[in-house]
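Undergrad: Please find one structure pasted underneath; my questions will follow.
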Amino acid sequence: MKTPNRNNPTGNTLSCLAVALAGLAFTNTPALAAPTVWNVNIGTELTTSDNFIGAAPENTANSFWNSVTTANPTAMPLADSTETASTATLTLTGSIGFTDGGWAAVTGPEIFSQWSKSSDNATPFGMEIGGLGSSNTYDLIVYSDWYWKGDATLPVTQTVGSGLAGTIILDQISSGADGVVPGLVEDTDPAANSSIEGNWLRITGLTPDGSGNLAFIMGGTNAAFNGFQLIQVPEPSAAALLGLGGLALLRRRR
């Protein structure tokens with residue numbers, strides 16, 4: 001049987017240190033910080049009691065939704081999903097504000113009960129989200145559906161910040177009865193495709209400009225805008241990075 005070398009315990013020491021670092025990185029400290037989510041709804045129908053999480057799995061039950069109740073809010077303060085005040089703001093330009101058109105209530109997720117459009121029901125309108133971290137990365141979930149089952153699309157083009165190349169098209173669901181929304185359905189094709197329809201899409205990897213702004217032009221004929229969820233993409237925690245870096249160093253030394 002091989003006797004351990006007491007004059008050169010480096011191997012055993014490194015093994016123990018590796019275990020300790022691994023515990024620091026993966027056990028005591030979560031690898032990712034909790035994401036921050038902002039929920040925004042056109043209208044006032046969503047409350048924490050609705051238990052509506054939306055399409056963002058990062059969101060939590062009974063979360064707070066900011067209600068847009070004016071046609072063109074300017075630098076409207078946004079609280080996060082825990083109803084904690086933040087520096088984030090919302091500005092809409094060229095929309096006609098929240099409305100249900102006087103029709104019967106929409107059957108389905110309440111986020112689709114009210115919507116915003118341009119005044120002529122065709123011209124795209126603008127949305128700017130300000131007060132964000134210029135060095136952070138965000139995902140944006142956009143919702144579009146309404147009472148009338150038309151063949152509408154919601155084009156989304158980024159005008160401030162980076163991450164979205166060209167235009168993404170959300171094909172509004174055109175099948176079914178008027179006033180009936182079939183739950184949350186993801187549009188998985190970023191181009192116009194009437195055979196792959198949905199009422200939400202996720203735009204990933206958006207970075208604000210140096211002033212912390214993201215801005216978009218969106219909307220088209222019969223295209224309703226029902227709200228959005230903005231998710232700050234979490235970064236690895238410092239302790240986890242330290243642990244992973246230490247493990248890499250130990251592997252190299254061994």
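Residues in the structure tokens are numbered from 1 in each chain, the chains being A, B, ... in the order shown, and ligands are numbered from 1 in the order shown.
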May I have the residues within 6 Å of stretch 228-232 of chain A as a list in words, using only C-alpha atoms and disregarding those fewer than 5 positions away in the same chain?
TA: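 The residues that qualify are Pro35, Thr36, Val37, Trp38, Asn39, Val40, Tyr138, Asp139, Leu140, Ile141, Val142 and Tyr143 of chain A.
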Undergrad: Keeping only C-alpha atoms, write the selected residues to a file as a PDB file, in the first residue's frame.
TA:
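So the final result, stored in again.pdb, reads:
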```
ATOM      1  CA  PRO A  35     -33.783  38.454 -11.609  1.00  0.00           C
ATOM      2  CA  THR A  36     -35.637  41.754 -11.482  1.00  0.00           C
ATOM      3  CA  VAL A  37     -38.925  41.791 -13.400  1.00  0.00           C
ATOM      4  CA  TRP A  38     -41.112  44.737 -14.352  1.00  0.00           C
ATOM      5  CA  ASN A  39     -44.722  43.903 -15.264  1.00  0.00           C
ATOM      6  CA  VAL A  40     -46.670  46.499 -17.275  1.00  0.00           C
ATOM      7  CA  TYR A 138     -32.598  42.663 -20.575  1.00  0.00           C
ATOM      8  CA  ASP A 139     -35.234  40.434 -22.144  1.00  0.00           C
ATOM      9  CA  LEU A 140     -38.538  41.931 -23.263  1.00  0.00           C
ATOM     10  CA  ILE A 141     -41.820  40.004 -23.506  1.00  0.00           C
ATOM     11  CA  VAL A 142     -44.432  41.795 -25.635  1.00  0.00           C
ATOM     12  CA  TYR A 143     -48.170  40.999 -25.588  1.00  0.00           C
TER      13      TYR A 143
END
```
Undergrad: For A:Gly163, list every protein, DNA or RNA residue within 12 Å, evaluated using only C-alpha atoms, and leave out those in the same chain fewer than 4 positions away; present the list as an mmCIF file with C-alpha atoms, in the first residue's frame.
TA:
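Final file, part.cif:
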```cif
data_model
loop_
_atom_site.group_PDB
_atom_site.id
_atom_site.type_symbol
_atom_site.label_atom_id
_atom_site.label_comp_id
_atom_site.auth_asym_id
_atom_site.auth_seq_id
_atom_site.Cartn_x
_atom_site.Cartn_y
_atom_site.Cartn_z
ATOM 1 C CA ASN A 136 -27.120 45.384 -17.907
ATOM 2 C CA THR A 137 -28.821 43.050 -20.351
ATOM 3 C CA TYR A 138 -32.598 42.663 -20.575
ATOM 4 C CA ASP A 139 -35.234 40.434 -22.144
ATOM 5 C CA LEU A 140 -38.538 41.931 -23.263
ATOM 6 C CA THR A 157 -38.164 47.481 -34.236
ATOM 7 C CA GLN A 158 -35.545 48.714 -31.770
ATOM 8 C CA THR A 159 -34.576 52.373 -32.174
ATOM 9 C CA THR A 167 -37.764 43.809 -37.064
ATOM 10 C CA ILE A 168 -39.526 41.034 -35.165
ATOM 11 C CA ILE A 203 -36.951 39.379 -27.379
ATOM 12 C CA THR A 204 -33.672 38.425 -25.731
ATOM 13 C CA GLY A 205 -30.328 40.110 -25.104
ATOM 14 C CA LEU A 206 -31.280 43.800 -25.221
ATOM 15 C CA THR A 207 -28.769 46.397 -24.015
ATOM 16 C CA PRO A 208 -29.757 50.028 -23.266
ATOM 17 C CA ASP A 209 -27.806 52.991 -24.581
ATOM 18 C CA LEU A 214 -34.416 51.166 -24.585
ATOM 19 C CA ALA A 215 -36.801 52.383 -27.297
ATOM 20 C CA PHE A 216 -38.943 50.687 -29.938
#
```
Undergrad: Of the residues A:Val106, A:Leu78, A:Ala122, A:Val181, which is the one nearest to A:Ala223, using only C-alpha atoms?
TA: A:Ala122
Undergrad: Quick one: everything within 12 Å of A:Asn66, counting only C-alpha atoms, minus sequence neighbours fewer than 5 positions away in the same chain. Send it as JSON, numbers by chain.
TA: {"A": [37, 38, 39, 40, 41, 42, 43, 44, 45, 46, 47, 48, 76, 77, 78, 79, 80, 81, 82, 83, 84, 85, 86, 88, 89, 90, 111, 227, 228, 229, 230]}
Undergrad: Only N, CA and C atoms, please: the residues just picked out, written as a tab-separated table (two decimals), in the first residue's frame.
TA:
```
chain	number	residue	atom	x	y	z
A	37	VAL	N	-37.90	41.81	-12.36
A	37	VAL	CA	-38.93	41.79	-13.40
A	37	VAL	C	-39.83	43.00	-13.23
A	38	TRP	N	-40.12	43.66	-14.34
A	38	TRP	CA	-41.11	44.74	-14.35
A	38	TRP	C	-42.29	44.27	-15.18
A	39	ASN	N	-43.49	44.29	-14.58
A	39	ASN	CA	-44.72	43.90	-15.26
A	39	ASN	C	-45.52	45.16	-15.60
A	40	VAL	N	-45.92	45.31	-16.85
A	40	VAL	CA	-46.67	46.50	-17.28
A	40	VAL	C	-47.90	46.06	-18.05
A	41	ASN	N	-49.06	46.57	-17.64
A	41	ASN	CA	-50.33	46.21	-18.26
A	41	ASN	C	-51.05	47.46	-18.74
A	42	ILE	N	-51.58	47.42	-19.97
A	42	ILE	CA	-52.42	48.51	-20.45
A	42	ILE	C	-53.79	48.36	-19.81
A	43	GLY	N	-54.19	49.34	-19.00
A	43	GLY	CA	-55.44	49.26	-18.28
A	43	GLY	C	-55.21	48.94	-16.82
A	44	THR	N	-56.30	48.61	-16.14
A	44	THR	CA	-56.25	48.44	-14.68
A	44	THR	C	-56.77	47.08	-14.22
A	45	GLU	N	-56.98	46.16	-15.16
A	45	GLU	CA	-57.68	44.94	-14.79
A	45	GLU	C	-56.83	43.93	-14.04
A	46	LEU	N	-55.51	44.05	-14.09
A	46	LEU	CA	-54.64	43.09	-13.41
A	46	LEU	C	-54.22	43.60	-12.04
A	47	THR	N	-54.41	42.77	-11.02
A	47	THR	CA	-53.97	43.09	-9.67
A	47	THR	C	-53.22	41.88	-9.11
A	48	THR	N	-52.60	42.06	-7.97
A	48	THR	CA	-51.85	40.96	-7.36
A	48	THR	C	-52.75	39.78	-7.04
A	76	MET	N	-43.34	57.63	-16.95
A	76	MET	CA	-44.16	57.03	-15.88
A	76	MET	C	-43.28	56.12	-15.02
A	77	PRO	N	-43.21	56.35	-13.70
A	77	PRO	CA	-42.38	55.49	-12.84
A	77	PRO	C	-42.90	54.06	-12.83
A	78	LEU	N	-41.98	53.11	-12.87
A	78	LEU	CA	-42.33	51.70	-12.84
A	78	LEU	C	-41.76	51.04	-11.59
A	79	ALA	N	-42.63	50.38	-10.84
A	79	ALA	CA	-42.18	49.56	-9.72
A	79	ALA	C	-41.91	48.15	-10.25
A	80	ASP	N	-41.03	47.42	-9.58
A	80	ASP	CA	-40.76	46.06	-10.03
A	80	ASP	C	-41.86	45.11	-9.55
A	81	SER	N	-41.69	43.82	-9.81
A	81	SER	CA	-42.75	42.85	-9.53
A	81	SER	C	-43.05	42.71	-8.05
A	82	THR	N	-42.15	43.17	-7.18
A	82	THR	CA	-42.38	43.12	-5.74
A	82	THR	C	-43.00	44.43	-5.24
A	83	GLU	N	-43.37	45.31	-6.17
A	83	GLU	CA	-43.92	46.64	-5.90
A	83	GLU	C	-42.90	47.54	-5.22
A	84	THR	N	-41.64	47.29	-5.50
A	84	THR	CA	-40.57	48.15	-5.00
A	84	THR	C	-40.26	49.22	-6.04
A	85	ALA	N	-40.21	50.46	-5.60
A	85	ALA	CA	-39.92	51.56	-6.52
A	85	ALA	C	-38.56	51.37	-7.18
A	86	SER	N	-38.46	51.80	-8.42
A	86	SER	CA	-37.20	51.67	-9.16
A	86	SER	C	-36.98	52.92	-9.98
A	88	ALA	N	-36.73	52.77	-13.22
A	88	ALA	CA	-37.27	52.51	-14.56
A	88	ALA	C	-38.52	53.36	-14.82
A	89	THR	N	-38.66	53.80	-16.06
A	89	THR	CA	-39.81	54.63	-16.47
A	89	THR	C	-40.34	54.15	-17.81
A	90	LEU	N	-41.58	54.54	-18.12
A	90	LEU	CA	-42.21	54.19	-19.38
A	90	LEU	C	-42.76	55.43	-20.06
A	111	ILE	N	-54.80	40.29	-19.21
A	111	ILE	CA	-53.89	41.25	-19.81
A	111	ILE	C	-54.38	41.67	-21.20
A	227	GLY	N	-49.33	45.13	-23.28
A	227	GLY	CA	-48.41	45.28	-22.17
A	227	GLY	C	-47.12	44.54	-22.43
A	228	PHE	N	-46.27	44.51	-21.40
A	228	PHE	CA	-44.99	43.84	-21.56
A	228	PHE	C	-44.44	43.43	-20.20
A	229	GLN	N	-43.45	42.55	-20.24
A	229	GLN	CA	-42.64	42.22	-19.07
A	229	GLN	C	-41.19	42.43	-19.45
A	230	LEU	N	-40.47	43.15	-18.61
A	230	LEU	CA	-39.05	43.39	-18.82
A	230	LEU	C	-38.28	42.64	-17.74
```
Undergrad: List the spatial neighbours of A:Glu197 as a PyMOL selection string - criterion: any atom at most 8 Å away, only C-alpha atoms, same-chain residues fewer than 2 positions off excluded.
TA: chain A and resi 170-174+185-188+193-195+199
Undergrad: May I have all residues of stretch 20-201 of chain A that DSSP, computed from the backbone, assigns to strand (DSSP E), given as a VMD selection string?
TA: chain A and resid 36 to 42 66 to 68 76 to 79 85 to 93 125 to 130 138 to 143 153 to 160 167 to 171 200 to 201
